[in-house]
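Q: For reference, the structure I am asking about is given below.
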Amino acid sequence: MPKHIESNHILNRLPKHLKQFIKPQNYDLYSAIDQAVWRYVMRKNVDFLSTVAHKSYVDGLKKTGISIDYIPNMYGMNRILKDIGWAAVAVDGFIPPNTFMEFQAYNVLVIASDIRQLEHIEYTPAPDIIHEGAGHAPIIANPEYAEYLRRFGEIGCKAISSAKDYELYEAVRHLSIIKEAPNTKEEDIAFAEKKVEELQQNMGSASEMALIRNLHWWTVEYGLIGTIDNPEIYGAGLLSSIGESARCLMDDVKKLPYTIDAAYQDFDITKPQPQLYVTPDFAHLSLVLEEFANTMALRKGGLSGINKLIESEALGSVELSTGLQISGTFKEVIEYEGNPIYIQTTGKTALAYREKELVGHGTNTHPKGFGSPIGKLKGINLAIEDMSPRDLSAYNIYEEKQVTLEFEGGIKVSGEIITGKRNLQGKIILISFKNCTVSHNETILFKPQWGVYDMAVGKEIVSAFAGPADLNSFDLMTHKISSQTIHVEKSDERLELETLYQQIRDYREGKNRTISRTKVSEQLIEKHPNDWLLSVELYELAYKGNEKMLCDNILKHLEIVKQNRPEVGKLIDDGLAIINSKVRV
């Protein structure tokens, strides 16, 4: 794990390959402007969401220790989250979907520690601490929802991706970074948007990961709960967007009952959502998730499962009916009457049983791939795995015996048996041969001079899933980020503005009551006439202090800002409304 990260018993359970994505939060890098952005969004959200969000949201803010006035510190969050069995870590923006879900499976909330610019205060396509900390964290205080999130991660990280999925992930990550970065050229954004759009339109058949990612989007990110006519908000994308949280409840956003059909509804992260799905309760989310899991290769296995792994061109695993698991990059399958009868990996391969690597059958033993027949012997109803010691002896499947095993579909294995391995139930799961030839009709699949041939035993593939069976079998510390969040050097003008924000923050918190707010307001109007948020904060202090003249001067200035920058008019009005209505936030 990177330095300067405080661990706990939940984070200690994370496998090494997940820890490579964690980065320090570097709390001191948040500026006073960043803190003001957090405070504005949270005050506005809590004021509005307290009436339209699921009750778990406001309750969860208290339980998870999320403050309205301060960006959450990861250390403080973890001290509170551990009481509900969760933890949080900081990462750099979007991480691969499988990885994101695997963190969830370990009860770890992934939080993008950067915060949106003031210019993007209503919505940012990049994940940020407002979205993650103020959106995801409060809802996990609800036990039913927290279990759904964990289970989603457990199932989702096993979903098989297509080769194009990762390319799309990289393109979306790049787009989110440059759209949030200051001073990005419009033509660069347009080019990146076009690339994402082209990829989305040429993905081919949707992979399992694409489908389950849709379910994640329409529930965890943009979910509504209750009835179609009177839904409440629980999705983090809605809870953290002061624009979409209001818009989503309008009649022009279509509301649909949440079913497995949501898996086939794509989404566009760059645009408001034209439809949303409403679940009657959190328990219903888990029912749909299990329904979807029943369609996955994880539970169906078979020919379709192995074909999905081949198409993914990535590390994956199959589990045979004996419990033997084969992990590697699958490149070929021979089929017969709709069933796989021979599978072949390429490159490093490992064998495992119940997620634990078989001794002597790691990637050092199988560095160039692994191939094995699947199915029953020809003309024999009894599968090898179901044979008793007497049956095995009758068919010459015995140590030091020369044998030819002919499988249904034409696979032949001829050689001298060295030994076999059994599972805990006593079933044979692996047979090793020397001087062995493996063939399919006229095609030679394995030659004697290649060494020992290890034949997996299993009449069928019962499961196929992404990733290795035993995480320790492969070097998974290989993630390389193609694009990193952009942090530009601050101009003198920006640093000067941050100083003014800090002075007002210090005054409000009682750290320095000698600061002249009138002078700060004058400097702001003179040198930073387009800034609006600090004027709203100044107005709040003047309003509370019943300083009518300062209030009037600030309001006059804000009217000028609204005329010059009509796009921030509603933000100003909403900020003033919270102050003037004396809402206790």
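As shown in the structure tokens, the chain order sets the letters A, B, ...; within each chain, residues go from 1, and ligands are also counted from 1 in the order they appear.
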Compile the contact shell of Ser161 (chain A) as an MDAnalysis selection string: residues with an atom at most 10 Å away, counting only C-alpha atoms, same-chain residues fewer than 5 positions apart removed.
A: chainID A and resid 97:98 166 206:211 308:309 311:314 316 465:466
Q: With region 549-571 of chain A as the partner and 12 Å as the cut-off, tabulate the residues of region 106-170 of chain A that qualify, each row holding the nearest pair of atoms and their distance in Å to one decimal, using only C-alpha atoms, sorted by chain and rising number, as a tab-separated table.
A:
residue	atom	partner	partner_atom	distance
A:Leu118	CA	A:Val568	CA	10.7
A:Glu119	CA	A:Val568	CA	9.2
A:His120	CA	A:Val568	CA	10.6
A:Ile121	CA	A:Leu571	CA	9.0
A:Glu122	CA	A:Leu571	CA	8.5
Q: Kindly export the residues of the current selection with C-alpha atoms, as a PDB file, in the first residue's frame.
A:
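Writing the result to again24.pdb gives the following:
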ATOM      1  CA  LEU A 118     -16.038  25.865  -8.998  1.00  0.00           C
ATOM      2  CA  GLU A 119     -16.860  26.234 -12.703  1.00  0.00           C
ATOM      3  CA  HIS A 120     -18.339  22.695 -12.683  1.00  0.00           C
ATOM      4  CA  ILE A 121     -20.082  22.941  -9.329  1.00  0.00           C
ATOM      5  CA  GLU A 122     -23.411  21.536 -10.562  1.00  0.00           C
TER       6      GLU A 122
END
Q: Calculated over only C-alpha atoms, which of the candidates A:Pro340, A:Leu324, A:Ile444, A:Arg150 has the smallest distance to Lys427 (chain A)?
A: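 Closest to Lys427 (chain A), using only C-alpha atoms: A:Leu324.
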Q: Identify all residues of region 262-429 of chain A in helix (DSSP H, G or I) (DSSP on the backbone) and supply them as a short mmCIF file (atom, residue, chain, number, x, y, z; two decimals) with N, CA and C atoms, in the first residue's frame.
A:
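Saved the output as selection11.cif:
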data_model
loop_
_atom_site.label_atom_id
_atom_site.label_comp_id
_atom_site.auth_asym_id
_atom_site.auth_seq_id
_atom_site.Cartn_x
_atom_site.Cartn_y
_atom_site.Cartn_z
N ALA A 262 -33.25 -3.32 -17.30
CA ALA A 262 -32.33 -2.18 -17.17
C ALA A 262 -30.92 -2.54 -17.61
N ALA A 263 -30.59 -3.83 -17.59
CA ALA A 263 -29.25 -4.25 -18.02
C ALA A 263 -29.02 -3.97 -19.50
N TYR A 264 -30.09 -3.84 -20.25
CA TYR A 264 -29.97 -3.65 -21.70
C TYR A 264 -30.22 -2.20 -22.11
N PHE A 282 -35.05 -1.61 -1.28
CA PHE A 282 -33.67 -2.04 -1.49
C PHE A 282 -33.58 -3.56 -1.67
N ALA A 283 -34.45 -4.31 -1.03
CA ALA A 283 -34.41 -5.77 -1.16
C ALA A 283 -34.65 -6.20 -2.61
N HIS A 284 -35.48 -5.44 -3.33
CA HIS A 284 -35.78 -5.76 -4.74
C HIS A 284 -34.52 -5.66 -5.60
N LEU A 285 -33.60 -4.78 -5.24
CA LEU A 285 -32.35 -4.66 -5.99
C LEU A 285 -31.60 -5.98 -6.00
N SER A 286 -31.56 -6.63 -4.84
CA SER A 286 -30.84 -7.90 -4.73
C SER A 286 -31.52 -9.00 -5.53
N LEU A 287 -32.85 -8.98 -5.60
CA LEU A 287 -33.58 -9.99 -6.38
C LEU A 287 -33.22 -9.88 -7.86
N VAL A 288 -33.17 -8.65 -8.38
CA VAL A 288 -32.82 -8.45 -9.79
C VAL A 288 -31.36 -8.84 -10.03
N LEU A 289 -30.49 -8.51 -9.08
CA LEU A 289 -29.08 -8.86 -9.22
C LEU A 289 -28.91 -10.37 -9.33
N GLU A 290 -29.60 -11.12 -8.48
CA GLU A 290 -29.50 -12.58 -8.53
C GLU A 290 -30.08 -13.12 -9.83
N GLU A 291 -31.15 -12.49 -10.31
CA GLU A 291 -31.74 -12.90 -11.59
C GLU A 291 -30.72 -12.70 -12.71
N PHE A 292 -30.00 -11.58 -12.67
CA PHE A 292 -28.99 -11.35 -13.70
C PHE A 292 -27.82 -12.33 -13.55
N ALA A 293 -27.41 -12.58 -12.31
CA ALA A 293 -26.29 -13.50 -12.07
C ALA A 293 -26.58 -14.88 -12.64
N ALA A 297 -21.98 -16.42 -17.16
CA ALA A 297 -21.15 -17.62 -17.29
C ALA A 297 -20.68 -18.11 -15.93
N LEU A 298 -20.62 -17.23 -14.95
CA LEU A 298 -20.25 -17.60 -13.60
C LEU A 298 -21.11 -18.74 -13.09
N ARG A 299 -22.39 -18.75 -13.50
CA ARG A 299 -23.31 -19.79 -13.04
C ARG A 299 -23.72 -20.77 -14.13
N LYS A 300 -23.55 -20.38 -15.38
CA LYS A 300 -24.00 -21.25 -16.48
C LYS A 300 -22.87 -22.09 -17.05
N GLY A 302 -20.43 -23.94 -19.41
CA GLY A 302 -20.70 -24.46 -20.75
C GLY A 302 -19.90 -23.82 -21.87
N LEU A 303 -20.35 -24.10 -23.09
CA LEU A 303 -19.67 -23.61 -24.29
C LEU A 303 -19.73 -22.09 -24.37
N SER A 304 -20.88 -21.52 -24.02
CA SER A 304 -21.01 -20.07 -24.10
C SER A 304 -20.04 -19.39 -23.14
N GLY A 305 -19.84 -19.99 -21.97
CA GLY A 305 -18.92 -19.42 -20.99
C GLY A 305 -17.49 -19.40 -21.48
N ILE A 306 -17.02 -20.51 -22.04
CA ILE A 306 -15.64 -20.55 -22.53
C ILE A 306 -15.46 -19.63 -23.73
N ASN A 307 -16.50 -19.50 -24.55
CA ASN A 307 -16.41 -18.57 -25.70
C ASN A 307 -16.31 -17.12 -25.24
N LYS A 308 -17.02 -16.78 -24.17
CA LYS A 308 -16.91 -15.42 -23.62
C LYS A 308 -15.49 -15.13 -23.15
N LEU A 309 -14.86 -16.13 -22.53
CA LEU A 309 -13.48 -15.94 -22.07
C LEU A 309 -12.53 -15.79 -23.24
N ILE A 310 -12.75 -16.55 -24.29
CA ILE A 310 -11.89 -16.44 -25.48
C ILE A 310 -12.02 -15.05 -26.11
N GLU A 311 -13.26 -14.57 -26.19
CA GLU A 311 -13.50 -13.24 -26.78
C GLU A 311 -12.92 -12.13 -25.93
N SER A 312 -12.82 -12.34 -24.63
CA SER A 312 -12.30 -11.29 -23.75
C SER A 312 -10.81 -11.05 -23.94
N ILE A 384 -15.52 -40.28 -15.58
CA ILE A 384 -14.31 -40.65 -14.82
C ILE A 384 -14.43 -40.18 -13.37
N GLU A 385 -14.94 -38.95 -13.18
CA GLU A 385 -15.02 -38.39 -11.83
C GLU A 385 -15.96 -39.18 -10.92
N ASP A 386 -16.89 -39.94 -11.52
CA ASP A 386 -17.85 -40.70 -10.73
C ASP A 386 -17.44 -42.16 -10.54
N PRO A 389 -12.75 -46.63 -7.15
CA PRO A 389 -11.42 -47.22 -7.42
C PRO A 389 -11.51 -48.51 -8.25
N ARG A 390 -12.56 -49.32 -8.01
CA ARG A 390 -12.72 -50.56 -8.77
C ARG A 390 -13.04 -50.26 -10.23
N ASP A 391 -13.91 -49.26 -10.45
CA ASP A 391 -14.25 -48.87 -11.83
C ASP A 391 -13.01 -48.38 -12.56
N LEU A 392 -12.22 -47.52 -11.90
CA LEU A 392 -11.01 -46.97 -12.52
C LEU A 392 -10.06 -48.10 -12.92
N SER A 393 -9.92 -49.06 -12.03
CA SER A 393 -9.03 -50.19 -12.33
C SER A 393 -9.55 -51.00 -13.52
N ALA A 394 -10.89 -51.14 -13.58
CA ALA A 394 -11.49 -51.92 -14.67
C ALA A 394 -11.23 -51.26 -16.03
#
Q: Record the distance separating CA of Leu61 (chain A) and CA of Asp281 (chain A), expressed in Å with one decimal.
A: 19.9 Å
Q: Mind checking DSSP for region 114-300 of chain A and telling me the strand (DSSP E) residues as a VMD selection string?
A: chain A and resid 224 to 226 231 to 233 254 to 257 275 to 279
Q: Env of Pro96 (chain A): 12 Å cut, atoms = only C-alpha atoms, seq-sep filter 6 positions within chain, self excluded. Answer as a list in words.
A: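 In the requested format, the answer is Leu18, Phe21, Glu102, Phe103, Val110, Gly156, Cys157, Ser161, Asp165, Tyr166, Glu167, Leu168, Tyr169, Glu170, Ala171, Val172, Arg173, Met209, Arg213, His479, Lys480, Ile481 and Ser482 of chain A.
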Q: Between A:Phe152, A:Phe474, A:Phe100, A:Trp450, which residue has the minimum interatomic distance to Ile22 (chain A), considering only C-alpha atoms?
A: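 Nearest to Ile22 (chain A): A:Phe100.
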Q: Write out as a ChimeraX atom specification which residues come within 10 Å of Leu476 (chain A) when counting only C-alpha atoms, dropping same-chain ones fewer than 4 positions away.
A: /A:15-18,20,467-468,471-472
Q: Could you save those same residues with C-alpha atoms as a PDB file, in the first residue's frame?
A:
ATOM      1  CA  PRO A  15      -5.359  -8.304  -1.781  1.00  0.00           C
ATOM      2  CA  LYS A  16      -2.140  -6.668  -2.994  1.00  0.00           C
ATOM      3  CA  HIS A  17      -3.364  -6.056  -6.536  1.00  0.00           C
ATOM      4  CA  LEU A  18      -6.144  -3.779  -5.253  1.00  0.00           C
ATOM      5  CA  GLN A  20      -1.890  -0.585  -6.153  1.00  0.00           C
ATOM      6  CA  GLY A 467      -9.798 -13.211 -13.229  1.00  0.00           C
ATOM      7  CA  PRO A 468      -7.831 -16.035 -11.608  1.00  0.00           C
ATOM      8  CA  LEU A 471      -5.283 -14.400  -6.710  1.00  0.00           C
ATOM      9  CA  ASN A 472      -1.792 -15.482  -5.679  1.00  0.00           C
TER      10      ASN A 472
END
Q: List the spatial neighbours of Glu232 (chain A) as a PyMOL selection string - criterion: any atom at most 9 Å away, only C-alpha atoms, same-chain residues fewer than 5 positions off excluded.
A: chain A and resi 51-55+223-227+249+278
Q: Emit the selected residues as a PDB file, in the first residue's frame, including N, CA and C atoms.
A:
ATOM      1  N   THR A  51     -36.059  16.527   1.609  1.00  0.00           N
ATOM      2  CA  THR A  51     -37.484  16.354   1.286  1.00  0.00           C
ATOM      3  C   THR A  51     -37.722  15.342   0.165  1.00  0.00           C
ATOM      4  N   VAL A  52     -36.687  15.014  -0.623  1.00  0.00           N
ATOM      5  CA  VAL A  52     -36.915  14.151  -1.796  1.00  0.00           C
ATOM      6  C   VAL A  52     -36.049  12.887  -1.810  1.00  0.00           C
ATOM      7  N   ALA A  53     -35.037  12.826  -0.947  1.00  0.00           N
ATOM      8  CA  ALA A  53     -34.178  11.636  -0.925  1.00  0.00           C
ATOM      9  C   ALA A  53     -34.735  10.598   0.046  1.00  0.00           C
ATOM     10  N   HIS A  54     -34.334   9.345  -0.155  1.00  0.00           N
ATOM     11  CA  HIS A  54     -34.706   8.280   0.781  1.00  0.00           C
ATOM     12  C   HIS A  54     -34.182   8.642   2.167  1.00  0.00           C
ATOM     13  N   LYS A  55     -34.919   8.298   3.186  1.00  0.00           N
ATOM     14  CA  LYS A  55     -34.564   8.696   4.550  1.00  0.00           C
ATOM     15  C   LYS A  55     -33.179   8.202   4.962  1.00  0.00           C
ATOM     16  N   GLY A 223     -30.284   5.608  -9.254  1.00  0.00           N
ATOM     17  CA  GLY A 223     -31.491   4.905  -8.841  1.00  0.00           C
ATOM     18  C   GLY A 223     -32.495   5.759  -8.085  1.00  0.00           C
ATOM     19  N   LEU A 224     -33.770   5.445  -8.306  1.00  0.00           N
ATOM     20  CA  LEU A 224     -34.881   6.009  -7.539  1.00  0.00           C
ATOM     21  C   LEU A 224     -35.565   4.869  -6.789  1.00  0.00           C
ATOM     22  N   ILE A 225     -36.230   5.190  -5.693  1.00  0.00           N
ATOM     23  CA  ILE A 225     -36.856   4.164  -4.863  1.00  0.00           C
ATOM     24  C   ILE A 225     -38.245   4.628  -4.427  1.00  0.00           C
ATOM     25  N   GLY A 226     -39.169   3.693  -4.317  1.00  0.00           N
ATOM     26  CA  GLY A 226     -40.536   4.026  -3.908  1.00  0.00           C
ATOM     27  C   GLY A 226     -41.526   3.626  -4.981  1.00  0.00           C
ATOM     28  N   THR A 227     -42.401   4.557  -5.363  1.00  0.00           N
ATOM     29  CA  THR A 227     -43.392   4.288  -6.401  1.00  0.00           C
ATOM     30  C   THR A 227     -43.094   5.131  -7.631  1.00  0.00           C
ATOM     31  N   LEU A 249     -36.702  14.446 -10.944  1.00  0.00           N
ATOM     32  CA  LEU A 249     -38.063  14.210 -10.457  1.00  0.00           C
ATOM     33  C   LEU A 249     -39.117  14.867 -11.333  1.00  0.00           C
ATOM     34  N   VAL A 278     -37.137   2.871 -11.051  1.00  0.00           N
ATOM     35  CA  VAL A 278     -37.611   2.979  -9.667  1.00  0.00           C
ATOM     36  C   VAL A 278     -37.744   1.581  -9.068  1.00  0.00           C
TER      37      VAL A 278
END
Q: Check the smallest atom-to-atom distance from each of A:Val220, A:Ile178, A:Ile68, A:Ala126 to Ile139 (chain A) using only C-alpha atoms, then report the winner.
A: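 The answer is A:Val220, which sits nearest to Ile139 (chain A).
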Q: Excluding same-chain residues fewer than 3 positions from Phe433 (chain A), what lies within 7 Å of it counting only C-alpha atoms, as a list in words?
A: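 Once the adjacent positions are removed, what remains is Gly415, Glu416, Ile417, Ile418, Cys436, Val452, Tyr453 and Asp454 of chain A.
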